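What follows is one structure encoded as structure tokens, with my remarks underneath.
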Number of protein chains: 4
Amino acid sequence: MAARLIESLATTEPLADLFSDQSVLQAMLDFESALARAEARVGVIPQSAANAIRKAAKAETFDIANLAVATLRAGTPGIALAKALTEKVRTMDADAACYVHWGATSQDVADTALVLLLKRAEPMLSGDLVRLTRALKKLSQDHRQTVMLGRTLMQPAPPITFGLKAAGWAASVQRSKANLDSAFAAALLLQLGGASGTLASLGKKGVDVARVLASELKLVFPEAPWHTQREALATLMCACGVLTGSLGKIARDISLLMQAEIAEVAEPGGNGRGGSSTMPHKRNPIGCTLTLAAAQRVPGLVACFLSAMVQEHERGVGGWQAEWPTVGSIIQATGLAVASMVEVAEGLTVNASRMRSNIEATNGAIFAERVTMMLGAKLGRDVAHKILQGALKKSTKQKRHLSEVLAKIPEIANHLDRTALRRLESPEQYLGSAEVFRKALLSPKPKTIKKKEQ
Amino acid sequence: MAARLIESLATTEPLADLFSDQSVLQAMLDFESALARAEARVGVIPQSAANAIRKAAKAETFDIANLAVATLRAGTPGIALAKALTEKVRTMDADAACYVHWGATSQDVADTALVLLLKRAEPMLSGDLVRLTRALKKLSQDHRQTVMLGRTLMQPAPPITFGLKAAGWAASVQRSKANLDSAFAAALLLQLGGASGTLASLGKKGVDVARVLASELKLVFPEAPWHTQREALATLMCACGVLTGSLGKIARDISLLMQAEIAEVAEPGGNGRGGSSTMPHKRNPIGCTLTLAAAQRVPGLVACFLSAMVQEHERGVGGWQAEWPTVGSIIQATGLAVASMVEVAEGLTVNASRMRSNIEATNGAIFAERVTMMLGAKLGRDVAHKILQGALKKSTKQKRHLSEVLAKIPEIANHLDRTALRRLESPEQYLGSAEVFRKALLSPKPKTIKKKEQ
Amino acid sequence: MAARLIESLATTEPLADLFSDQSVLQAMLDFESALARAEARVGVIPQSAANAIRKAAKAETFDIANLAVATLRAGTPGIALAKALTEKVRTMDADAACYVHWGATSQDVADTALVLLLKRAEPMLSGDLVRLTRALKKLSQDHRQTVMLGRTLMQPAPPITFGLKAAGWAASVQRSKANLDSAFAAALLLQLGGASGTLASLGKKGVDVARVLASELKLVFPEAPWHTQREALATLMCACGVLTGSLGKIARDISLLMQAEIAEVAEPGGNGRGGSSTMPHKRNPIGCTLTLAAAQRVPGLVACFLSAMVQEHERGVGGWQAEWPTVGSIIQATGLAVASMVEVAEGLTVNASRMRSNIEATNGAIFAERVTMMLGAKLGRDVAHKILQGALKKSTKQKRHLSEVLAKIPEIANHLDRTALRRLESPEQYLGSAEVFRKALLSPKPKTIKKKEQ
Amino acid sequence: MAARLIESLATTEPLADLFSDQSVLQAMLDFESALARAEARVGVIPQSAANAIRKAAKAETFDIANLAVATLRAGTPGIALAKALTEKVRTMDADAACYVHWGATSQDVADTALVLLLKRAEPMLSGDLVRLTRALKKLSQDHRQTVMLGRTLMQPAPPITFGLKAAGWAASVQRSKANLDSAFAAALLLQLGGASGTLASLGKKGVDVARVLASELKLVFPEAPWHTQREALATLMCACGVLTGSLGKIARDISLLMQAEIAEVAEPGGNGRGGSSTMPHKRNPIGCTLTLAAAQRVPGLVACFLSAMVQEHERGVGGWQAEWPTVGSIIQATGLAVASMVEVAEGLTVNASRMRSNIEATNGAIFAERVTMMLGAKLGRDVAHKILQGALKKSTKQKRHLSEVLAKIPEIANHLDRTALRRLESPEQYLGSAEVFRKALLSPKPKTIKKKEQ
């Protein structure tokens, strides 16, 4: 009755485990258990009850299929769990049973459980992002002098270095990681508010219980319950959206560069990835494909979350209930995208000679801008422009280098000898500030983050 | 390792089963088995191979966790399956092993398996939609004379009947169902194209094999493979989107009418639904909530599918791979919305006297338009308007009926006696074409569907 | 104060005009004018009033900036207009003034005006779709024998014909057009319901007025007002979404084939499009770019519309008000995508020799599957497979044709001479059912559309 | 040819002006003019050329309709502008003409112009957010003792204070504002990269020119051009998405509380807003409606932006071109939502007595949880529970207060006298930590923002 296969290209194994029934259920039980401990500490319920609840709160002893059905009937993920746990506790210690879920509402369980899962997801994503950034920086450093075509609208443009390209990738991942880190930090909040968010049934002790509970669960103690204020989660989902966008861009670039006719880079194969028994020459961009699939899915899922933020009064009618599967899908897709790009980036093969020959194949046309400017100074801009137009047409038609064509034109030959002309087609001579930019991208200015508070 | 809980409010049980690992895997195996049978029939592979493959194609004998992992490595849902099946067949009949998946590509398996699942989803949705329409029509018929407030921008407006309201719901479900039926019919297509969509490895026999296979699987035989032409699936996903929109509107209406202060209708409780042990008065709109959650989620998921339609050449890089989880989520959410509204509509309690008293509580203000028109004919429009403005203010301030206030105004009293005035506040007298519209909605004109083909 | 520039890449000129202030306002005035005529005909208002209203209903005499401001204040597009029109009429015929907008609600004006605009958009889109289909069919027919690489995951795969590829494009456009035609036909509905959708203020004459009005405006007369039942519009928006998806796929394919390193097709230039003064060799895929931009935008906009379908009671609070800009953007983006692809398809340059040389450049690797099958019959599958693996590695490494490498292997040479081997690499010999599929795609089976009605 | 009306409910006037043709064009011209100045300062072009360009760069002298058409032909917003400006300059100073747009690429103009517009949008949004927060805080402070029903799933729940509710709103706006502030700060970046993002045509002086230009335009000088790295803009769009979600929640709450049957708050009317000539009692929630419309639209638009982040190489094919209208729509919708809620919050009427009477109308059922706990201590939990169940049923059926029913039950009467019982139904006695939470929400802990950088 599980659903791994339909999601087989939608998650990594660790993240599939994280959102597995066992794991989700245990997170909910961890909340109930810690709540009881906190309430015992503050003196709201007997310590013996807390002990019994702790003992009963083991996911492996629950009937998950039943729970799923009962959860759907109740329309909220907390009610059925509290009931099942109460029954389990009753068999151990009848007096303790009535203290299960004491003072909490079902959304308290569900939200805090979700946050506990997110807390465990955070280092998975973060660790992979560190590896990815490192791998991209290394590529950038290694290829700081490797020239390649710039490409605009997927057409040849003046040259860049692969180092600059990889630095752009690295910096965007770094920015997105910084966003994600902040968003996680802000979202790992305890939820405890009781029926209407006032903790009324805990009398004067509500805040004390909540504070102890937050510390038990190592979560942030928020200003107040946030049952229908979902900014923190929304911002986290958005950060995932921006990150998968960044990763999708890298994956698109790499999959384009891997086309057989371009062949400038290649994903690593191995371990069942991307090869083909009948076509050993083939290296499919599988890591990029999985990443692009994530980048296709996450934006719409982010829209789901954002539009579900409009939640009514003290508990939403539909908006809140739309969140669980959405958050699960976003985190899993994002995690898969990051993990896939780690594999791609760490094993990327770069074919520098192919990069150069693809420049060569343009016969110098990408340097036309440069030549015009250079000649303009000597011949006047209009004259230079006109000459160049003719030369370019000839070059394209005859498949000869622009510089060769130009060398045959007397007005040009008078000013520039063949060597000088040939140098005009040297990519290394036309990189502008590429290296300055590359270095700046890899050592970003320390941002003084100043969130203006009103 | 499953994921029922995180999706506990996102699917019905039958649809959870439909997209379970067991079911997805069996659908893929059904394709492989039927392909072998078809190829044996057409004489492409030996009958004995087909027999062996059929015997091996039992989902319960496969290691699903392994398959999921291998699928992720391969980056496509078909490769790992074909490999595992080949190994299984090899243990039964070594010669047969090489005929597994003969001539097919991984997308053929995956797409056809998905279509087979959709084929089984169709009657589930359709059956519930028939029940829902019937229940709504009955509500409409039963309450054709039950007057209630019209409400615009959630504020009181001239009266309608609950029969008209329910007829509007019924007709919208019926329209959405017609769309869905067409979309399913158009989407239940065989996928068989081989590596590049030409069935080249089957030589001249490709089309024959495909035709027999389509008939084996009771799927439509399409003009050609549709590996990167996803209109049919996209249209089906959109039909689900429109349907959940229709259902969401009904659910919103009902959840609004269920507010304690309005209390005009109530969802049925029972079987664990919506009640509360401590607050027996409470009847939560759980069915509506689940439906609204679906209506929140599906639009973004439809956007995922649509944006993933941009698939490259003969097999997409990311777009196709984004489809499986998206389709699964959309169908499950839609099915849950329909099933939830069936339960709501079949058990809806209607409080006609509360509907009337909510009209009463407006003190006649909703009839102001009517009174103005009536008096205008006698006093002149401008005079009438001015008098009414004053009367309305007084009525609101003094919490008296508009007609009572008017009765005290000599210019009015001269023209209309108290009875006539009181009748102006009778909702039954101000229903316009409500009943005509209601009947038309329930017996729609037979549509001559003329898809203009160029 | 206009907004052409920010939308400069988002619409065609005719569609910009269609949704211009002048045009939108005139559509609203056309409703008011036709309503008055219909009411005069049915005897609800005096003919003289209808005449005065008709005379006053000229968009060019209104102050649009004022109207826009007043519309925002009122929160609905109909109120300010009705007021302004009333004032204008009053200056012509004081008695007529009170009959402006008689019995209608603001949503009646706004919805019907939108439908009138859609009615004018329909032939624009439809006409371009006919041209596009024709151009794609011609490409398919002209290139039915032009072989090219199949490409899966953007990597070389067994050959197809460009004719098959173009036929796939043509068929998908045709399917999407059929959808769009049906959706337009179903959406061109009159809206007339009055305050609560009962036409109560028109007494018994409501339906008569509505019927005459529908016929005046040449719109379909619906079963009932549809103020908060938006399926018809939603389905039309979805049809646009599917269509832009189809077009985006074609645009992606063409932009990929236009890459300098592949260079198999080229968009036409000319009339300011895609050229570059300094780089005359450059032919940017501008038409594809604009189409892809639309395909990026429309899915999210469709999600906007679908999620806004949840509209409360008899007039929505937010959902309806979200529709106008969404519909405008979707129709304009779709129209631009179609128009752009017409230009691309009608002027597409196809480089058949480059297509062949790109096949050649794979050195036969894409035929490995074929060779294995052929040799398997003679040597046994396992032996054949092993030999081929080695040969492919050698071929890739030495950059020699697979057939040449094979010719040097005695076991092979015994069975196949060099000519036979060379023929194994002939793309024409490995097209399978490509031509059958191509023909079927261009002459689709007449669909018996059977919308099951319950 | 403008498009104010179709967007009449989609923007404020100042934001309509901001994205008007005049304003967009002037922003582009400001870039060109400042670029020339910067290049003159660094010595790349003559000062006289910079002077001529500055003189020519006046939006009012350009033919915008022509520009729009040419922009669509070129497929990018910068080319046509540069050409038109060049011609204008040529008429003033022929030598200067060739220095227009020197070294820049069309995306440099377009991106920087967009950023300049965002820079002007920032204080508009920010100013309104300050006012909104202030108004909400005042409401919270004024009503810290005003009790009202908590409502979960739109059903009555234990009481809260309106002060707590408003504090929750205020805090969410404040959080969203902090996000927005950071996002704006990070997004106001200069774009200057030239053809491939290396500023190659400026030789060694590229970075100097860029730095001076950034300072001329008062924009942040980024590490490098960001032609296809769109995180900063994406994060800003997401911040708008989260903010409209927060505002939508408030608007939903208020529109629900404004229902005639609930009538606890009312939006201000006045200045053409929300009233009705025939129904003076009516106060439509227009501000909330406009806000909810924005909250419906923005999520899908955010999805558009995020999915468009996948931009190819050094200039995207479709993704970038999708951005302008998306950014324009998001900023305008967000701005309208904020402005609408300012008006609503500053003028909100709160009906405290209605809030209390709506509590009263539940007959004490919302205190059942409290009573059970209280009696449980005296009678034992099971006994207490059973008694209460019976009492609640009786209370609901007889429409009598729970406390009255309980007073008639001997077991109860023995323990609690009527006064004590009646006090159990006092909302003030069952507010738990409401006031603690309220205060904490209004004085948030100073966040130590630590963006972990790797």
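Following the order of the structure tokens, chains are lettered A, B, ..., residues in each are numbered from 1, and ligands are numbered from 1.
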
Chain B residues near chain A within 6 Å, closest pair each, using only C-alpha atoms, as a Markdown table:
| residue | atom | partner | partner_atom | distance |
| --- | --- | --- | --- | --- |
| B:Met1 | CA | A:Ser20 | CA | 4.6 |
| B:Ala2 | CA | A:Ala2 | CA | 4.4 |
| B:Ala3 | CA | A:Ser20 | CA | 4.7 |
| B:Leu5 | CA | A:Asp21 | CA | 5.5 |
| B:Ile6 | CA | A:Pro325 | CA | 5.7 |
| B:Glu7 | CA | A:Pro325 | CA | 5.4 |
| B:Ser8 | CA | A:Ala68 | CA | 5.5 |
| B:Leu9 | CA | A:Leu72 | CA | 5.4 |
| B:Asp17 | CA | A:Met1 | CA | 5.5 |
| B:Ser20 | CA | A:Met1 | CA | 4.6 |
| B:Asp21 | CA | A:Ala3 | CA | 5.2 |
| B:Ala68 | CA | A:Ser8 | CA | 5.5 |
| B:Leu72 | CA | A:Leu9 | CA | 5.4 |
| B:Arg73 | CA | A:Arg273 | CA | 5.1 |
| B:Ala74 | CA | A:Arg273 | CA | 5.1 |
| B:Gly75 | CA | A:Ile286 | CA | 5.7 |
| B:Gly272 | CA | A:Arg73 | CA | 5.7 |
| B:Arg273 | CA | A:Ala74 | CA | 5.1 |
| B:Gly274 | CA | A:Ala74 | CA | 6.0 |
| B:Ile286 | CA | A:Gly75 | CA | 5.7 |
| B:Thr289 | CA | A:Gly318 | CA | 4.6 |
| B:Leu292 | CA | A:Gly318 | CA | 4.6 |
| B:Ala293 | CA | A:Gly318 | CA | 4.0 |
| B:Arg297 | CA | A:Cys304 | CA | 5.1 |
| B:Gly300 | CA | A:Gly300 | CA | 4.3 |
| B:Leu301 | CA | A:Gly300 | CA | 5.7 |
| B:Ala303 | CA | A:Gly300 | CA | 5.6 |
| B:Cys304 | CA | A:Arg297 | CA | 5.1 |
| B:Val317 | CA | A:Thr289 | CA | 5.0 |
| B:Gly318 | CA | A:Ala293 | CA | 4.0 |
| B:Gly319 | CA | A:Ala293 | CA | 5.7 |
| B:Gln321 | CA | A:Ala293 | CA | 5.6 |
| B:Ala322 | CA | A:Ala293 | CA | 4.6 |
| B:Trp324 | CA | A:Ile6 | CA | 5.8 |
| B:Pro325 | CA | A:Glu7 | CA | 5.4 |

Among range 24-267 of chain C, which ones does DSSP place in helix (DSSP H, G or I), written as a PyMOL selection string?
chain C and resi 24-42+47-56+59-61+64-74+79-92+94-97+106-142+162-187+200-217+231-257

Among the residues of range 207-303 of chain D, find those DSSP assigns to strand (DSSP E or B) from the backbone and print them as a PDB file with all heavy atoms, in the first residue's frame.
ATOM      1  N   VAL D 220      23.146  48.657  -6.091  1.00  0.00           N
ATOM      2  CA  VAL D 220      24.240  47.836  -5.572  1.00  0.00           C
ATOM      3  C   VAL D 220      25.094  47.330  -6.731  1.00  0.00           C
ATOM      4  O   VAL D 220      24.570  46.953  -7.781  1.00  0.00           O
ATOM      5  CB  VAL D 220      23.680  46.642  -4.766  1.00  0.00           C
ATOM      6  CG1 VAL D 220      24.813  45.728  -4.303  1.00  0.00           C
ATOM      7  CG2 VAL D 220      22.876  47.145  -3.565  1.00  0.00           C
ATOM      8  N   VAL D 265     -17.131  42.948  12.881  1.00  0.00           N
ATOM      9  CA  VAL D 265     -16.332  44.094  12.432  1.00  0.00           C
ATOM     10  C   VAL D 265     -16.916  44.606  11.121  1.00  0.00           C
ATOM     11  O   VAL D 265     -17.731  43.943  10.490  1.00  0.00           O
ATOM     12  CB  VAL D 265     -14.835  43.729  12.196  1.00  0.00           C
ATOM     13  CG1 VAL D 265     -14.211  43.123  13.451  1.00  0.00           C
ATOM     14  CG2 VAL D 265     -14.678  42.806  11.006  1.00  0.00           C
ATOM     15  N   ALA D 266     -16.497  45.801  10.725  1.00  0.00           N
ATOM     16  CA  ALA D 266     -16.895  46.324   9.415  1.00  0.00           C
ATOM     17  C   ALA D 266     -15.779  47.165   8.829  1.00  0.00           C
ATOM     18  O   ALA D 266     -15.147  47.957   9.533  1.00  0.00           O
ATOM     19  CB  ALA D 266     -18.179  47.131   9.515  1.00  0.00           C
ATOM     20  N   GLY D 270     -17.247  54.834   2.377  1.00  0.00           N
ATOM     21  CA  GLY D 270     -16.800  56.178   2.029  1.00  0.00           C
ATOM     22  C   GLY D 270     -15.963  56.243   0.778  1.00  0.00           C
ATOM     23  O   GLY D 270     -15.358  55.251   0.374  1.00  0.00           O
ATOM     24  N   ARG D 273     -16.580  53.649  -1.873  1.00  0.00           N
ATOM     25  CA  ARG D 273     -16.226  52.261  -1.575  1.00  0.00           C
ATOM     26  C   ARG D 273     -17.356  51.494  -0.903  1.00  0.00           C
ATOM     27  O   ARG D 273     -17.848  51.878   0.138  1.00  0.00           O
ATOM     28  CB  ARG D 273     -14.994  52.236  -0.680  1.00  0.00           C
ATOM     29  CG  ARG D 273     -14.618  50.842  -0.185  1.00  0.00           C
ATOM     30  CD  ARG D 273     -13.139  50.565  -0.250  1.00  0.00           C
ATOM     31  NE  ARG D 273     -12.654  50.363  -1.613  1.00  0.00           N
ATOM     32  CZ  ARG D 273     -11.362  50.163  -1.917  1.00  0.00           C
ATOM     33  NH1 ARG D 273     -10.450  50.175  -0.969  1.00  0.00           N
ATOM     34  NH2 ARG D 273     -11.008  49.957  -3.171  1.00  0.00           N
TER      35      ARG D 273
END

Contacts of Asn351 in chain A at 8 Å (only C-alpha atoms; same-chain gap of 2+ positions) as a list in words
Ala263, Glu264, Val265, Thr349, Ser353, Arg354 and Met355 of chain A

Restricting the output to all heavy atoms, write the selected residues as a short mmCIF file (atom, residue, chain, number, x, y, z; two decimals), in the first residue's frame.
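File written: result15.cif
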data_model
loop_
_atom_site.label_atom_id
_atom_site.label_comp_id
_atom_site.auth_asym_id
_atom_site.auth_seq_id
_atom_site.Cartn_x
_atom_site.Cartn_y
_atom_site.Cartn_z
N ALA A 263 29.21 18.34 -26.80
CA ALA A 263 30.14 17.43 -26.14
C ALA A 263 31.23 18.12 -25.33
O ALA A 263 32.38 17.68 -25.31
CB ALA A 263 30.77 16.49 -27.18
N GLU A 264 30.89 19.18 -24.66
CA GLU A 264 31.92 19.90 -23.90
C GLU A 264 32.07 19.38 -22.48
O GLU A 264 33.12 19.53 -21.87
CB GLU A 264 31.60 21.41 -23.90
CG GLU A 264 31.60 21.97 -25.33
CD GLU A 264 31.41 23.49 -25.40
OE1 GLU A 264 31.26 24.12 -24.35
OE2 GLU A 264 31.43 24.02 -26.53
N VAL A 265 31.02 18.81 -21.93
CA VAL A 265 31.12 18.20 -20.61
C VAL A 265 30.34 16.89 -20.61
O VAL A 265 29.57 16.62 -21.53
CB VAL A 265 30.54 19.12 -19.49
CG1 VAL A 265 31.19 20.48 -19.48
CG2 VAL A 265 29.03 19.23 -19.60
N THR A 349 33.06 15.53 -16.23
CA THR A 349 34.19 15.51 -17.15
C THR A 349 34.13 16.75 -18.03
O THR A 349 33.08 17.03 -18.61
CB THR A 349 34.09 14.28 -18.07
OG1 THR A 349 33.94 13.12 -17.26
CG2 THR A 349 35.33 14.15 -18.94
N SER A 353 39.34 20.75 -24.98
CA SER A 353 39.71 20.88 -26.40
C SER A 353 38.46 20.99 -27.26
O SER A 353 38.42 21.72 -28.24
CB SER A 353 40.59 19.71 -26.84
OG SER A 353 39.81 18.54 -26.91
N ARG A 354 37.41 20.30 -26.85
CA ARG A 354 36.15 20.44 -27.58
C ARG A 354 35.59 21.86 -27.42
O ARG A 354 35.04 22.43 -28.36
CB ARG A 354 35.15 19.40 -27.07
CG ARG A 354 33.88 19.34 -27.86
CD ARG A 354 34.13 18.79 -29.28
NE ARG A 354 32.93 18.84 -30.07
CZ ARG A 354 32.27 17.77 -30.51
NH1 ARG A 354 32.73 16.56 -30.26
NH2 ARG A 354 31.17 17.90 -31.22
N MET A 355 35.77 22.40 -26.24
CA MET A 355 35.32 23.78 -26.02
C MET A 355 36.03 24.71 -27.00
O MET A 355 35.40 25.57 -27.62
CB MET A 355 35.60 24.21 -24.58
CG MET A 355 34.64 23.57 -23.57
SD MET A 355 35.05 23.97 -21.86
CE MET A 355 33.63 23.22 -21.01
#

So, with only C-alpha atoms as the atoms that count, which of B:Val115, B:Val173, B:Ala96, B:Ile262 lies closest to Pro156 in chain D?
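Looking only at the distances to Pro156 in chain D, the closest residue turns out to be B:Ile262.
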
List the neighbours of Gly206 in chain D out to 12 Å using only C-alpha atoms; skip same-chain residues closer than 5 positions along the sequence, and give me the result as a tab-separated table (two decimals) with N, CA and C atoms, in the first residue's frame.
chain	number	residue	atom	x	y	z
A	431	LEU	N	38.41	38.35	-23.20
A	431	LEU	CA	37.67	37.85	-22.03
A	431	LEU	C	37.25	38.97	-21.08
A	432	GLY	N	37.65	40.19	-21.40
A	432	GLY	CA	37.21	41.32	-20.59
A	432	GLY	C	37.48	41.08	-19.12
A	433	SER	N	36.44	41.22	-18.30
A	433	SER	CA	36.59	41.12	-16.86
A	433	SER	C	36.23	39.74	-16.33
A	434	ALA	N	36.27	38.74	-17.21
A	434	ALA	CA	35.81	37.40	-16.81
A	434	ALA	C	36.48	36.94	-15.52
A	435	GLU	N	37.80	37.10	-15.45
A	435	GLU	CA	38.51	36.57	-14.28
A	435	GLU	C	38.21	37.41	-13.03
A	436	VAL	N	38.07	38.71	-13.21
A	436	VAL	CA	37.69	39.54	-12.06
A	436	VAL	C	36.34	39.10	-11.52
A	437	PHE	N	35.41	38.93	-12.42
A	437	PHE	CA	34.07	38.49	-12.00
A	437	PHE	C	34.13	37.11	-11.34
D	35	LEU	N	24.87	55.28	-18.23
D	35	LEU	CA	25.98	54.48	-18.78
D	35	LEU	C	26.95	55.40	-19.52
D	38	ALA	N	28.94	57.45	-17.10
D	38	ALA	CA	29.97	56.63	-16.44
D	38	ALA	C	31.12	56.37	-17.39
D	39	GLU	N	30.80	56.06	-18.64
D	39	GLU	CA	31.87	55.77	-19.60
D	39	GLU	C	32.69	57.01	-19.91
D	42	VAL	N	35.05	57.48	-16.96
D	42	VAL	CA	36.17	56.54	-16.95
D	42	VAL	C	37.04	56.71	-18.19
D	43	GLY	N	36.56	57.53	-19.11
D	43	GLY	CA	37.37	57.79	-20.28
D	43	GLY	C	37.17	56.82	-21.42
D	44	VAL	N	36.05	56.17	-21.46
D	44	VAL	CA	35.78	55.23	-22.55
D	44	VAL	C	35.14	55.92	-23.74
D	102	TRP	N	26.96	51.86	-25.55
D	102	TRP	CA	28.33	51.37	-25.78
D	102	TRP	C	28.72	50.25	-24.81
D	103	GLY	N	29.00	49.10	-25.36
D	103	GLY	CA	29.48	47.99	-24.53
D	103	GLY	C	28.40	47.22	-23.79
D	104	ALA	N	27.19	47.71	-23.89
D	104	ALA	CA	26.10	47.06	-23.14
D	104	ALA	C	25.36	46.08	-24.04
D	192	LEU	N	25.16	44.91	-15.66
D	192	LEU	CA	26.00	45.36	-16.78
D	192	LEU	C	27.02	44.28	-17.09
D	193	GLY	N	26.83	43.64	-18.22
D	193	GLY	CA	27.72	42.53	-18.55
D	193	GLY	C	28.16	42.48	-20.00
D	194	GLY	N	27.47	43.23	-20.86
D	194	GLY	CA	27.78	43.11	-22.28
D	194	GLY	C	27.37	41.75	-22.81
D	197	GLY	N	28.49	38.71	-20.81
D	197	GLY	CA	28.64	38.87	-19.37
D	197	GLY	C	30.06	39.07	-18.91
D	198	THR	N	30.97	39.37	-19.85
D	198	THR	CA	32.37	39.59	-19.46
D	198	THR	C	32.78	41.05	-19.63
D	199	LEU	N	31.89	41.87	-20.19
D	199	LEU	CA	32.23	43.26	-20.51
D	199	LEU	C	33.47	43.35	-21.40
D	200	ALA	N	33.63	42.33	-22.26
D	200	ALA	CA	34.84	42.23	-23.08
D	200	ALA	C	35.04	43.48	-23.93
D	201	SER	N	33.96	44.06	-24.46
D	201	SER	CA	34.17	45.17	-25.37
D	201	SER	C	34.63	46.43	-24.64
D	211	ARG	N	31.23	50.05	-11.86
D	211	ARG	CA	31.18	50.59	-10.50
D	211	ARG	C	30.64	52.03	-10.50
D	212	VAL	N	31.13	52.81	-11.44
D	212	VAL	CA	30.64	54.19	-11.51
D	212	VAL	C	29.16	54.22	-11.87
D	213	LEU	N	28.77	53.36	-12.77
D	213	LEU	CA	27.37	53.32	-13.18
D	213	LEU	C	26.47	52.97	-12.00
D	224	ALA	N	29.13	40.16	-10.04
D	224	ALA	CA	29.27	39.89	-11.47
D	224	ALA	C	27.89	40.05	-12.10
D	225	PRO	N	27.84	40.14	-13.42
D	225	PRO	CA	26.52	40.17	-14.06
D	225	PRO	C	25.71	38.93	-13.68

Point-to-point distance from CA of Thr396 in chain A to CA of Cys98 in chain D, Å rounded to tenths
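Here the two named atoms are 25.9 Å from each other.
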
Ala97 in chain B: which residues within 8 Å, counting only C-alpha atoms, same-chain residues fewer than 2 positions away excluded, as a short mmCIF file (atom, residue, chain, number, x, y, z; two decimals) with N, CA, C and O atoms, in the first residue's frame?
data_model
loop_
_atom_site.label_atom_id
_atom_site.label_comp_id
_atom_site.auth_asym_id
_atom_site.auth_seq_id
_atom_site.Cartn_x
_atom_site.Cartn_y
_atom_site.Cartn_z
N ALA B 49 8.35 -18.06 -24.93
CA ALA B 49 8.90 -16.90 -24.22
C ALA B 49 7.78 -16.10 -23.59
O ALA B 49 7.86 -15.68 -22.43
N ILE B 53 7.31 -15.26 -19.63
CA ILE B 53 7.23 -13.87 -19.16
C ILE B 53 5.94 -13.66 -18.36
O ILE B 53 5.94 -13.04 -17.30
N THR B 86 13.71 -9.61 -16.47
CA THR B 86 14.57 -10.46 -17.27
C THR B 86 15.25 -11.51 -16.38
O THR B 86 15.27 -12.71 -16.71
N GLU B 87 15.76 -11.05 -15.25
CA GLU B 87 16.43 -12.00 -14.34
C GLU B 87 15.45 -13.06 -13.85
O GLU B 87 15.79 -14.24 -13.78
N VAL B 89 12.71 -14.11 -15.32
CA VAL B 89 12.38 -15.02 -16.43
C VAL B 89 13.54 -15.97 -16.67
O VAL B 89 13.35 -17.17 -16.89
N ARG B 90 14.77 -15.46 -16.57
CA ARG B 90 15.94 -16.29 -16.84
C ARG B 90 15.96 -17.52 -15.92
O ARG B 90 16.34 -18.62 -16.35
N ASP B 93 13.27 -19.77 -17.64
CA ASP B 93 13.45 -20.21 -19.03
C ASP B 93 14.51 -19.29 -19.64
O ASP B 93 14.22 -18.18 -20.07
N ALA B 94 15.73 -19.80 -19.65
CA ALA B 94 16.87 -18.95 -20.05
C ALA B 94 16.68 -18.37 -21.44
O ALA B 94 17.02 -17.20 -21.69
N ASP B 95 16.13 -19.15 -22.36
CA ASP B 95 15.95 -18.64 -23.72
C ASP B 95 14.95 -17.48 -23.77
O ASP B 95 15.06 -16.59 -24.60
N TYR B 99 13.83 -12.11 -24.52
CA TYR B 99 12.66 -11.53 -25.19
C TYR B 99 11.84 -10.58 -24.31
O TYR B 99 10.83 -10.04 -24.74
N VAL B 100 12.29 -10.46 -23.08
CA VAL B 100 11.60 -9.51 -22.20
C VAL B 100 11.76 -8.09 -22.75
O VAL B 100 12.85 -7.71 -23.16
#
